[in-house]
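One file, final-v3.cif, is given below (mmCIF, C-alpha atoms).
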data_model
loop_
_atom_site.label_atom_id
_atom_site.label_comp_id
_atom_site.auth_asym_id
_atom_site.auth_seq_id
_atom_site.Cartn_x
_atom_site.Cartn_y
_atom_site.Cartn_z
CA MET W 1 148.48 -252.35 -110.95
CA SER W 2 145.28 -251.72 -112.97
CA GLN W 3 144.79 -251.31 -116.71
CA SER W 4 145.52 -254.97 -117.64
CA ASN W 5 148.37 -255.04 -115.11
CA ALA W 6 150.49 -252.88 -117.42
CA SER W 7 153.51 -251.40 -115.70
CA LEU W 8 154.82 -247.91 -116.29
CA ASP W 9 157.80 -249.38 -118.13
CA GLU W 10 155.50 -251.28 -120.46
CA LYS W 11 153.42 -248.16 -121.08
CA LEU W 12 156.51 -246.13 -121.90
CA GLN W 13 157.79 -248.84 -124.24
CA GLN W 14 154.41 -248.83 -125.98
CA ILE W 15 154.56 -245.05 -126.46
CA VAL W 16 158.16 -245.22 -127.74
CA GLY W 17 157.00 -247.75 -130.31
CA GLN W 18 154.20 -245.42 -131.41
CA VAL W 19 156.61 -242.51 -131.77
CA LYS W 20 158.95 -244.61 -133.91
CA GLN W 21 156.11 -245.74 -136.16
CA GLN W 22 154.11 -242.51 -136.44
CA GLY W 23 156.76 -239.85 -135.86
CA VAL W 24 156.51 -236.65 -133.80
CA GLY W 25 152.75 -236.41 -134.34
CA VAL W 26 152.10 -238.71 -131.36
CA ASP W 27 150.86 -236.77 -128.32
CA TRP W 28 152.99 -238.90 -126.01
CA LEU W 29 153.16 -236.47 -123.09
CA ARG W 30 149.39 -236.30 -122.81
CA GLU W 31 149.17 -240.10 -122.97
CA VAL W 32 151.71 -240.55 -120.17
CA VAL W 33 149.98 -238.00 -117.92
CA GLU W 34 146.58 -239.54 -118.67
CA TRP W 35 147.85 -243.02 -117.81
CA ILE W 36 149.43 -241.88 -114.54
CA VAL W 37 146.34 -239.92 -113.42
CA GLN W 38 144.15 -242.95 -114.22
CA GLU W 39 146.40 -245.13 -112.07
CA LEU W 40 146.16 -242.61 -109.21
CA LEU W 41 142.36 -242.72 -109.47
CA GLU W 42 142.40 -246.50 -109.25
CA LEU W 43 144.72 -246.43 -106.21
CA GLU W 44 142.54 -243.82 -104.50
CA PHE W 45 139.42 -245.88 -105.10
CA THR W 46 141.09 -249.10 -103.90
CA GLU W 47 142.01 -247.32 -100.67
CA HIS W 48 138.41 -246.07 -100.35
CA VAL W 49 136.81 -249.55 -100.62
CA GLY W 50 139.67 -251.34 -98.87
CA ALA W 51 140.13 -254.06 -101.49
CA LEU W 52 141.43 -254.72 -104.99
CA PRO W 53 139.00 -255.78 -107.76
CA TYR W 54 137.51 -259.22 -106.99
CA GLU W 55 139.51 -259.43 -103.76
CA ARG W 56 137.80 -261.05 -100.78
CA THR W 57 138.81 -259.38 -97.55
CA ALA W 58 137.25 -258.59 -94.20
CA SER W 59 138.43 -254.98 -94.45
CA ARG W 60 136.32 -254.24 -97.55
CA GLN W 61 134.21 -251.07 -97.10
CA GLY W 62 132.25 -251.14 -100.36
CA TYR W 63 131.87 -252.56 -103.86
CA ARG W 64 132.69 -251.31 -107.33
CA ASN W 65 129.85 -250.21 -109.58
CA GLY W 66 131.44 -249.43 -112.93
CA CYS W 67 132.83 -246.02 -113.79
CA ARG W 68 131.89 -242.74 -115.39
CA GLU W 69 133.90 -240.87 -117.98
CA ARG W 70 135.19 -237.43 -117.15
CA GLN W 71 137.45 -235.00 -118.95
CA LEU W 72 140.23 -233.19 -117.13
CA HIS W 73 141.64 -230.10 -118.86
CA THR W 74 145.36 -229.57 -118.30
CA ARG W 75 148.20 -227.72 -119.99
CA VAL W 76 149.27 -230.94 -121.74
CA GLY W 77 145.81 -231.35 -123.27
CA THR W 78 142.43 -232.81 -122.35
CA LEU W 79 142.64 -236.09 -120.43
CA THR W 80 139.80 -238.59 -120.78
CA LEU W 81 139.54 -240.53 -117.50
CA ARG W 82 137.35 -243.31 -116.12
CA VAL W 83 136.34 -242.34 -112.59
CA PRO W 84 135.39 -245.44 -110.52
CA ARG W 85 132.01 -245.56 -108.76
CA ASP W 86 130.89 -247.49 -105.69
CA ARG W 87 127.42 -248.87 -105.08
CA GLU W 88 126.68 -246.45 -102.25
CA GLY W 89 127.78 -243.44 -104.28
CA ARG W 90 130.07 -242.17 -101.51
CA PHE W 91 133.35 -242.05 -103.42
CA SER W 92 134.50 -238.59 -104.47
CA THR W 93 138.05 -238.12 -105.68
CA ALA W 94 140.06 -235.24 -104.24
CA LEU W 95 142.57 -235.51 -107.07
CA PHE W 96 140.89 -233.09 -109.46
CA GLU W 97 140.46 -230.29 -106.93
CA GLN W 98 144.01 -230.60 -105.60
CA CYS W 99 145.55 -230.62 -109.07
CA GLN W 100 143.40 -228.03 -110.75
CA ARG W 101 142.72 -224.96 -108.62
CA SER W 102 145.34 -222.80 -110.29
CA GLU W 103 144.85 -224.66 -113.57
CA LYS W 104 141.15 -223.78 -113.48
CA ALA W 105 141.93 -220.12 -112.85
CA LEU W 106 144.37 -219.99 -115.75
CA ILE W 107 142.03 -221.84 -118.10
CA LEU W 108 139.11 -219.60 -117.14
CA ALA W 109 141.15 -216.50 -117.89
CA LEU W 110 142.02 -217.87 -121.31
CA GLN W 111 138.45 -218.92 -122.02
CA GLU W 112 137.03 -215.54 -120.98
CA ALA W 113 139.54 -213.75 -123.17
CA TYR W 114 138.59 -215.98 -126.08
CA LEU W 115 134.83 -215.56 -125.62
CA GLN W 116 135.06 -211.78 -125.27
CA GLY W 117 136.90 -211.50 -128.54
CA VAL W 118 140.15 -210.11 -127.19
CA SER W 119 142.25 -213.14 -128.10
CA THR W 120 144.69 -213.33 -130.98
CA ARG W 121 145.21 -216.25 -133.35
CA LYS W 122 147.90 -217.52 -130.99
CA MET W 123 145.44 -217.29 -128.07
CA THR W 124 142.88 -219.34 -130.00
CA LYS W 125 145.36 -222.16 -130.56
CA LEU W 126 146.43 -222.03 -126.92
CA THR W 127 142.89 -222.27 -125.55
CA GLU W 128 142.18 -225.24 -127.81
CA LYS W 129 145.26 -227.00 -126.46
CA LEU W 130 144.47 -226.20 -122.83
CA CYS W 131 140.71 -226.38 -122.78
CA GLY W 132 139.69 -228.72 -125.58
CA THR W 133 138.07 -227.55 -128.79
CA ARG W 134 134.59 -226.76 -127.49
CA PHE W 135 133.34 -224.69 -124.58
CA SER W 136 130.39 -222.36 -124.11
CA LYS W 137 129.70 -219.23 -122.12
CA ASP W 138 127.44 -221.22 -119.79
CA GLN W 139 130.22 -223.72 -119.08
CA VAL W 140 132.69 -220.94 -118.33
CA SER W 141 130.15 -219.21 -116.08
CA ARG W 142 129.50 -222.38 -114.06
CA MET W 143 133.21 -223.07 -113.64
CA ALA W 144 133.84 -219.48 -112.56
CA GLN W 145 131.04 -219.52 -109.96
CA ALA W 146 132.31 -222.74 -108.39
CA LEU W 147 135.91 -221.59 -108.21
CA ASP W 148 135.09 -218.02 -107.15
CA GLY W 149 133.13 -219.29 -104.16
CA GLU W 150 136.11 -221.24 -102.85
CA LEU W 151 138.55 -218.40 -103.45
CA ASP W 152 136.26 -215.77 -101.91
CA ARG W 153 136.00 -217.85 -98.74
CA TRP W 154 139.77 -218.12 -98.58
CA ARG W 155 140.34 -214.39 -99.10
CA ASN W 156 137.83 -213.56 -96.35
CA ARG W 157 138.91 -216.23 -93.87
CA PRO W 158 139.30 -215.11 -90.22
CA LEU W 159 142.89 -214.49 -89.10
CA LYS W 160 143.10 -216.22 -85.73
CA LYS W 161 146.89 -216.37 -85.40
CA ARG W 162 149.19 -213.57 -84.30
CA TYR W 163 151.54 -212.20 -86.94
CA SER W 164 154.74 -210.45 -85.86
CA TYR W 165 156.11 -209.56 -89.29
CA LEU W 166 154.51 -208.42 -92.55
CA VAL W 167 156.02 -208.38 -96.05
CA VAL W 168 154.14 -206.12 -98.48
CA ASP W 169 154.65 -205.82 -102.22
CA GLY W 170 152.83 -205.10 -105.47
CA ARG W 171 153.23 -205.69 -109.18
CA TYR W 172 151.18 -204.86 -112.27
CA GLU W 173 149.12 -206.80 -114.83
CA HIS W 174 147.33 -205.64 -117.97
CA VAL W 175 143.54 -205.78 -117.55
CA ARG W 176 140.78 -204.73 -119.97
CA GLU W 177 138.33 -202.34 -118.30
CA ASP W 178 135.48 -200.61 -120.18
CA GLY W 179 137.08 -201.36 -123.52
CA HIS W 180 140.48 -199.96 -122.50
CA ILE W 181 143.63 -201.79 -121.45
CA GLU W 182 144.70 -200.63 -117.98
CA SER W 183 147.73 -201.44 -115.85
CA GLU W 184 146.21 -202.78 -112.62
CA GLY W 185 148.07 -203.28 -109.36
CA VAL W 186 148.29 -206.77 -107.86
CA LEU W 187 148.67 -206.15 -104.11
CA THR W 188 149.94 -208.87 -101.78
CA VAL W 189 150.51 -209.07 -98.02
CA GLU W 190 152.54 -211.91 -96.53
CA GLY W 191 152.63 -212.56 -92.79
CA ILE W 192 155.03 -214.51 -90.57
CA ARG W 193 153.08 -216.15 -87.77
CA GLU W 194 154.08 -216.52 -84.15
CA ASP W 195 155.07 -220.13 -84.85
CA GLY W 196 157.48 -219.08 -87.63
CA HIS W 197 155.39 -220.19 -90.63
CA ARG W 198 154.63 -217.92 -93.57
CA ASP W 199 151.14 -217.25 -94.90
CA ILE W 200 149.72 -215.02 -97.62
CA LEU W 201 147.15 -212.98 -95.71
CA SER W 202 145.58 -210.99 -98.52
CA VAL W 203 145.66 -210.42 -102.27
CA ASP W 204 143.73 -207.91 -104.33
CA VAL W 205 143.66 -206.25 -107.75
CA ALA W 206 143.31 -202.47 -107.57
CA PRO W 207 143.68 -199.47 -109.91
CA GLY W 208 147.10 -198.76 -108.42
CA GLU W 209 149.23 -198.56 -105.28
CA ASP W 210 147.81 -195.37 -103.84
CA GLU W 211 147.02 -194.88 -100.17
CA THR W 212 143.32 -195.66 -100.70
CA SER W 213 143.97 -199.06 -102.33
CA TRP W 214 146.47 -200.17 -99.70
CA GLY W 215 144.33 -198.70 -96.94
CA GLU W 216 141.32 -200.77 -98.00
CA MET W 217 143.46 -203.90 -97.96
CA PHE W 218 144.89 -203.19 -94.49
CA CYS W 219 141.45 -202.27 -93.16
CA GLY W 220 140.15 -205.60 -94.45
CA LEU W 221 142.95 -207.43 -92.64
CA LEU W 222 142.06 -205.75 -89.35
CA ASP W 223 138.37 -206.56 -89.86
CA ARG W 224 139.29 -210.22 -90.36
CA GLY W 225 141.10 -210.34 -87.03
CA LEU W 226 144.69 -209.26 -87.66
CA ASP W 227 146.08 -207.82 -84.42
CA ALA W 228 147.78 -204.55 -85.36
CA GLU W 229 149.45 -204.36 -81.94
CA ALA W 230 151.16 -207.73 -82.56
CA VAL W 231 152.75 -206.51 -85.82
CA VAL W 232 156.17 -205.18 -84.82
CA TYR W 233 157.89 -204.98 -88.21
CA VAL W 234 156.92 -204.38 -91.85
CA VAL W 235 159.17 -204.55 -94.93
CA SER W 236 158.16 -203.02 -98.27
CA ASP W 237 159.38 -200.68 -100.98
CA GLU W 238 159.17 -196.89 -100.53
CA HIS W 239 155.97 -196.26 -102.52
CA ARG W 240 154.43 -193.15 -100.97
CA GLY W 241 150.83 -194.39 -100.92
CA LEU W 242 151.88 -197.66 -99.32
CA CYS W 243 153.98 -195.94 -96.65
CA GLU W 244 151.13 -193.56 -95.75
CA ALA W 245 148.72 -196.48 -95.37
CA LEU W 246 151.21 -198.39 -93.20
CA ARG W 247 151.66 -195.40 -90.88
CA ARG W 248 147.89 -195.12 -90.54
CA TYR W 249 147.01 -198.76 -89.87
CA PHE W 250 150.21 -200.05 -88.23
CA PRO W 251 151.54 -197.00 -86.36
CA HIS W 252 153.53 -199.04 -83.83
CA ALA W 253 155.36 -201.23 -86.34
CA VAL W 254 158.96 -200.59 -87.40
CA TRP W 255 159.17 -199.99 -91.14
CA GLN W 256 162.05 -201.43 -93.19
CA ARG W 257 162.71 -200.20 -96.71
CA CYS W 258 163.49 -203.15 -98.99
CA GLN W 259 167.25 -203.24 -99.46
CA THR W 260 166.97 -204.80 -102.92
CA HIS W 261 164.70 -202.02 -104.15
CA TYR W 262 167.02 -199.47 -102.54
CA GLN W 263 170.05 -200.78 -104.43
CA ARG W 264 168.12 -200.55 -107.70
CA ASN W 265 167.20 -196.96 -106.88
CA ALA W 266 170.82 -196.15 -106.01
CA ALA W 267 172.03 -197.50 -109.35
CA LYS W 268 169.94 -194.86 -111.11
CA LYS W 269 171.61 -192.07 -109.12
CA VAL W 270 175.15 -192.70 -110.45
CA THR W 271 176.78 -193.35 -113.81
CA ARG W 272 176.62 -196.78 -115.37
CA ARG W 273 180.34 -197.28 -114.78
CA ALA W 274 179.99 -196.58 -111.04
CA ARG W 275 177.01 -198.86 -110.40
CA GLY W 276 179.07 -201.93 -109.56
CA GLU W 277 181.09 -199.98 -106.99
CA VAL W 278 177.96 -198.52 -105.37
CA HIS W 279 176.32 -201.93 -105.25
CA GLY W 280 179.32 -203.42 -103.44
CA GLN W 281 179.55 -200.55 -100.94
CA LEU W 282 175.86 -200.71 -100.10
CA ARG W 283 176.06 -204.48 -99.69
CA ASP W 284 178.95 -203.92 -97.26
CA VAL W 285 176.72 -201.60 -95.21
CA PHE W 286 173.81 -204.06 -95.18
CA GLU W 287 176.06 -206.99 -94.23
CA ALA W 288 177.34 -205.23 -91.10
CA PRO W 289 177.12 -207.29 -87.88
CA SER W 290 175.37 -204.55 -85.89
CA LEU W 291 173.45 -201.31 -86.28
CA LYS W 292 176.38 -199.31 -84.91
CA GLU W 293 178.77 -200.79 -87.47
CA ALA W 294 176.23 -200.34 -90.29
CA LYS W 295 175.94 -196.63 -89.50
CA ALA W 296 179.73 -196.30 -89.41
CA ARG W 297 180.05 -197.96 -92.82
CA ALA W 298 177.28 -195.75 -94.19
CA GLU W 299 179.18 -192.67 -93.01
CA ARG W 300 182.31 -193.86 -94.82
CA LEU W 301 180.24 -194.45 -97.96
CA ILE W 302 178.89 -190.89 -97.80
CA GLU W 303 182.34 -189.42 -97.26
CA ASP W 304 183.69 -191.41 -100.22
CA TRP W 305 181.08 -189.93 -102.57
CA GLN W 306 180.93 -186.41 -101.10
CA ASP W 307 182.97 -184.80 -103.85
CA ARG W 308 182.18 -187.29 -106.62
CA SER W 309 178.37 -186.96 -106.59
CA PRO W 310 176.81 -184.43 -104.17
CA GLU W 311 173.26 -185.24 -105.32
CA PHE W 312 173.78 -188.95 -104.65
CA VAL W 313 175.20 -188.13 -101.21
CA GLU W 314 172.22 -185.93 -100.37
CA TRP W 315 169.87 -188.81 -101.31
CA LEU W 316 171.89 -191.25 -99.19
CA GLU W 317 171.79 -188.97 -96.14
CA GLU W 318 168.01 -188.67 -96.40
CA THR W 319 167.14 -192.32 -97.04
CA ILE W 320 169.76 -194.87 -96.00
CA GLU W 321 168.59 -195.20 -92.40
CA ASP W 322 165.26 -196.49 -93.71
CA CYS W 323 167.18 -199.61 -94.80
CA LEU W 324 168.75 -200.22 -91.37
CA ALA W 325 165.59 -200.90 -89.35
CA VAL W 326 166.20 -204.64 -89.85
CA PHE W 327 168.99 -204.42 -87.27
CA THR W 328 166.31 -204.15 -84.57
CA LEU W 329 165.42 -207.80 -85.26
CA PRO W 330 167.20 -210.88 -83.91
CA GLU W 331 170.25 -211.72 -86.00
CA GLY W 332 168.72 -214.98 -87.23
CA HIS W 333 165.77 -213.11 -88.75
CA ARG W 334 167.57 -210.31 -90.53
CA ARG W 335 168.66 -211.94 -93.77
CA ARG W 336 165.15 -213.11 -94.67
CA LEU W 337 163.40 -209.90 -93.62
CA ARG W 338 165.66 -207.22 -95.04
CA SER W 339 163.91 -207.28 -98.42
CA THR W 340 160.71 -208.41 -100.14
CA ASN W 341 162.58 -211.01 -102.21
CA GLY W 342 160.64 -213.95 -100.77
CA LEU W 343 157.34 -212.44 -101.86
CA GLU W 344 158.76 -211.38 -105.22
CA ARG W 345 159.48 -215.04 -105.99
CA PHE W 346 155.75 -215.67 -105.68
CA HIS W 347 155.13 -212.74 -108.03
CA GLN W 348 157.55 -214.28 -110.54
CA GLU W 349 155.45 -217.46 -110.53
CA LEU W 350 152.37 -215.31 -111.12
CA LYS W 351 154.13 -213.60 -114.01
CA ARG W 352 154.98 -216.97 -115.54
CA ARG W 353 151.31 -217.98 -115.50
CA SER W 354 149.88 -214.63 -116.56
CA ARG W 355 152.24 -214.46 -119.53
CA ALA W 356 149.96 -216.97 -121.28
CA VAL W 357 146.98 -214.62 -120.88
CA ARG W 358 148.83 -211.37 -121.68
CA ILE W 359 145.73 -209.21 -121.18
CA PHE W 360 143.12 -210.27 -118.63
CA PRO W 361 139.57 -209.80 -119.93
CA ASN W 362 138.46 -208.19 -116.63
CA ARG W 363 139.65 -207.50 -113.10
CA ARG W 364 137.75 -210.46 -111.66
CA SER W 365 139.59 -212.84 -113.96
CA CYS W 366 142.95 -211.47 -112.82
CA LEU W 367 141.95 -211.69 -109.16
CA ARG W 368 140.85 -215.30 -109.66
CA LEU W 369 144.25 -216.43 -110.93
CA VAL W 370 146.14 -214.41 -108.31
CA SER W 371 143.98 -215.83 -105.51
CA ALA W 372 144.32 -219.43 -106.70
CA LEU W 373 148.11 -219.18 -106.83
CA ALA W 374 148.24 -217.39 -103.46
CA MET W 375 146.03 -220.03 -101.84
CA GLU W 376 148.24 -222.84 -103.12
CA GLN W 377 151.40 -220.99 -102.06
CA SER W 378 150.01 -220.50 -98.55
CA GLU W 379 149.14 -224.18 -98.27
CA GLU W 380 152.69 -225.08 -99.30
CA TRP W 381 154.25 -222.66 -96.81
CA LEU W 382 152.04 -223.73 -93.89
CA THR W 383 152.76 -227.43 -94.39
CA SER W 384 156.52 -227.12 -94.97
CA HIS W 385 159.37 -226.27 -92.62
CA ARG W 386 159.15 -223.14 -90.51
CA TYR W 387 160.48 -220.04 -92.19
CA LEU W 388 161.85 -218.51 -88.98
CA THR W 389 162.70 -219.85 -85.55
CA MET W 390 160.65 -217.49 -83.43
CA ALA W 391 161.91 -218.98 -80.14
CA GLN W 392 165.25 -217.40 -81.00
CA GLN W 393 163.65 -213.98 -80.76
CA GLU W 394 162.26 -214.72 -77.30
CA GLN W 395 165.60 -216.10 -76.11
CA GLU W 396 167.55 -213.06 -77.27
CA GLU W 397 165.05 -210.70 -75.67
CA VAL W 398 165.43 -212.52 -72.35
CA GLN W 399 169.23 -212.35 -72.63
CA GLN W 400 169.08 -208.64 -73.44
CA GLU W 401 166.83 -207.93 -70.45
CA ALA W 402 169.17 -209.90 -68.19
CA GLN W 403 172.19 -207.99 -69.52
CA GLU W 404 170.47 -204.63 -68.98
CA ALA W 405 169.48 -205.65 -65.46
CA SER W 406 173.08 -206.56 -64.63
CA LEU W 407 174.23 -203.06 -65.61
CA GLN W 408 171.85 -201.34 -63.21
CA PRO W 409 173.31 -200.26 -59.86
CA VAL W 410 172.37 -202.38 -56.88
CA THR W 411 170.36 -200.46 -54.30
CA ALA W 412 170.14 -201.23 -50.62
#

Could you express the structure from this file as structure tokens?
Amino acid sequence: MSQSNASLDEKLQQIVGQVKQQGVGVDWLREVVEWIVQELLELEFTEHVGALPYERTASRQGYRNGCRERQLHTRVGTLTLRVPRDREGRFSTALFEQCQRSEKALILALQEAYLQGVSTRKMTKLTEKLCGTRFSKDQVSRMAQALDGELDRWRNRPLKKRYSYLVVDGRYEHVREDGHIESEGVLTVEGIREDGHRDILSVDVAPGEDETSWGEMFCGLLDRGLDAEAVVYVVSDEHRGLCEALRRYFPHAVWQRCQTHYQRNAAKKVTRRARGEVHGQLRDVFEAPSLKEAKARAERLIEDWQDRSPEFVEWLEETIEDCLAVFTLPEGHRRRLRSTNGLERFHQELKRRSRAVRIFPNRRSCLRLVSALAMEQSEEWLTSHRYLTMAQQEQEEVQQEAQEASLQPVTA
């Protein structure tokens, strides 16, 4: 390989020797990452020109012309890299953009917080580790403009595929607005396409989860090409504003109340000692093999608690059928679409990143990080295995139609 033909083993042995001599003060992790990224740059450039340094080959597509130094800011520190150049000036590495979209968003949030004076002493040390010791408002502004353009195009991209299922959820982040710290809603819509792949269709940061905020998001989806008639099923929590917006913009879709949220709500309706029992009984209802059996189990649950907690029973009678809409789906789709857990895992990753910022300096900064993570998550979902086998749905519908036809009387 490059760098005086040093192997990774030799590099690691060199770093181990430094640690033994100099102690824990050696920034060995940054050195390892810097070495590996430099090797990747050299491999990428070799593939671009079609030849190793000084190699004579008929497949050569260009010639080396020195290198330029560039700094790459990461969470292990600032890497100083030598980016190879070719004589024609055509080589442009894709490595930085692929590795740094979400990193840029996180770093920008930290830098903006620092520059606007809302950072603590801990924040100052963190930004110096992540971003290097020096940065200016002009540098932050240029970085933000470049990244915002890419993320804005992604958020406003046309939706050309048909989406049968939607998963909708929200969480909250602390954002500084007009000198006050507000709890802003991070709204996310996930779609399952007709080919079975998942995609994050839209993200936004809004004052809350009222009908207006969700309505603007759904209206934007329709304007971008989402076919409301193709959406047959939506799963979300029971937030009133969200439900009103869903009824307005997706009136033909079946709504499923998230079973995980429902169990959390149920736990608050009974004593602490009874929560384990209620959780198990509700899980038994949700695990039923059919809608008919689920309703029968729900009736037994209500009868069991009739005398023990009348208020809990009244709540069950009014709400539990909202959690059974999933039984209208093919059996192979039910487990993954009975709750918003899949989308909540994405929100947990967002929480892990935003914990470093604590308080976003403005709404735009929060939206930038959310969008960058959502864009990367969508790319991962769309290039991995299918989330659902949609052909199964078509097959079961055909079988159901054939069964219904066989029950009809034969006429002369």

- Between W:Thr80, W:Gln306, W:Gln348, W:Thr389, single out the one closest to W:Glu31, counting only C-alpha atoms. W:Thr80

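The spacing separating atom CA of W:Ala374 from atom CA of W:Gln259 amounts to 24.0 Å.
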
- Residues matched by the PyMOL selection byres ((chain W and resi 333) around 10), written as a ChimeraX atom specification: /W:326-332,334-338,387-390,392-393

Select from stretch 183-227 of chain W every residue with an atom at most 12 Å from any atom of stretch 241-248 of chain W, then for each give the shortest pair of atoms and their distance in Å to one decimal, using only C-alpha atoms, rows by chain and rising number, as a tab-separated table.
residue	atom	partner	partner_atom	distance
W:Leu187	CA	W:Leu242	CA	10.3
W:Thr188	CA	W:Leu242	CA	11.6
W:Val189	CA	W:Leu242	CA	11.6
W:Gly208	CA	W:Gly241	CA	9.4
W:Glu209	CA	W:Gly241	CA	6.2
W:Asp210	CA	W:Gly241	CA	4.3
W:Glu211	CA	W:Gly241	CA	3.9
W:Thr212	CA	W:Gly241	CA	7.6
W:Ser213	CA	W:Gly241	CA	8.4
W:Trp214	CA	W:Leu242	CA	6.0
W:Gly215	CA	W:Ala245	CA	5.2
W:Glu216	CA	W:Ala245	CA	8.9
W:Met217	CA	W:Ala245	CA	9.5
W:Phe218	CA	W:Ala245	CA	7.8
W:Cys219	CA	W:Ala245	CA	9.6

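The gap separating atom CA of W:Glu344 from atom CA of W:Glu194 is 22.2 Å, in Å to one decimal.
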
- Go through W:Thr260, W:Ser202, W:Ser365, W:Ser309 and flag the residue nearest W:Thr340, using only C-alpha atoms for the distances.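 Of W:Thr260, W:Ser202, W:Ser365, W:Ser309, the one nearest W:Thr340 is W:Thr260, counting only C-alpha atoms.
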
- Query: Pick from W:Ile181, W:Leu222, W:Met375, W:Ala266: nearest to W:Lys160, with all atoms listed in the file counted?
  - Reply: W:Leu222

- Note on the structure: Between W:Val203, W:Asp195, W:Leu343, W:Leu324, smallest distance to W:Glu293 by all atoms listed in the file belongs to W:Leu324

- Task: Please tell me which residues are no farther than 7 Å from (135.6, -256.0, -100.7) in the file, counting only C-alpha atoms, and write them as a list of chain:residue names.
- Result: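 Here is the list of nearby residues: W:Val49, W:Gly50, W:Ala51, W:Glu55, W:Arg56, W:Thr57, W:Ser59, W:Arg60, W:Gln61, W:Gly62, W:Tyr63.
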
Just-selected residues, C-alpha atoms written as a compact mmCIF listing (two decimals), keeping the file's coordinate frame:
# COMPACT_ATOMS: atom_id res chain seq x y z
CA VAL W 49 136.81 -249.55 -100.62
CA GLY W 50 139.67 -251.34 -98.87
CA ALA W 51 140.13 -254.06 -101.49
CA GLU W 55 139.51 -259.43 -103.76
CA ARG W 56 137.80 -261.05 -100.78
CA THR W 57 138.81 -259.38 -97.55
CA SER W 59 138.43 -254.98 -94.45
CA ARG W 60 136.32 -254.24 -97.55
CA GLN W 61 134.21 -251.07 -97.10
CA GLY W 62 132.25 -251.14 -100.36
CA TYR W 63 131.87 -252.56 -103.86

- Kindly indicate which residue among W:Val167, W:Val285, W:Leu81, W:Leu29 lies nearest to W:Val231, using only C-alpha atoms for the distances.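 Of W:Val167, W:Val285, W:Leu81, W:Leu29, the one nearest W:Val231, counting only C-alpha atoms, is W:Val167.
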
- Between atom CA of W:Glu150 and atom CA of W:Glu376, what is the distance, to one decimal in Å? 12.2 Å

Neighbour residues at most 10 Å from (150.6, -206.6, -123.2) (all atoms listed in the file) as a short mmCIF file (atom, residue, chain, number, x, y, z; two decimals) with C-alpha atoms, keeping the file's coordinate frame:
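After the write, result05.cif holds the following:
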data_model
loop_
_atom_site.label_atom_id
_atom_site.label_comp_id
_atom_site.auth_asym_id
_atom_site.auth_seq_id
_atom_site.Cartn_x
_atom_site.Cartn_y
_atom_site.Cartn_z
CA GLU W 173 149.12 -206.80 -114.83
CA HIS W 174 147.33 -205.64 -117.97
CA VAL W 175 143.54 -205.78 -117.55
CA ILE W 181 143.63 -201.79 -121.45
CA GLU W 182 144.70 -200.63 -117.98
CA SER W 183 147.73 -201.44 -115.85
CA ARG W 355 152.24 -214.46 -119.53
CA VAL W 357 146.98 -214.62 -120.88
CA ARG W 358 148.83 -211.37 -121.68
CA ILE W 359 145.73 -209.21 -121.18
CA PHE W 360 143.12 -210.27 -118.63
#

- Item | the PyMOL selection byres ((chain W and resi 269) around 12) applied to the shown file, residues as a ChimeraX atom specification | /W:262-268,270-275,278-279,305,308-316

- Of the candidates W:Cys323, W:Val186, W:Leu79, W:Val32, which shows the shortest atom-to-atom distance to W:Ser354, using all atoms listed in the file?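 Looking only at the distances to W:Ser354, the closest residue turns out to be W:Val186.
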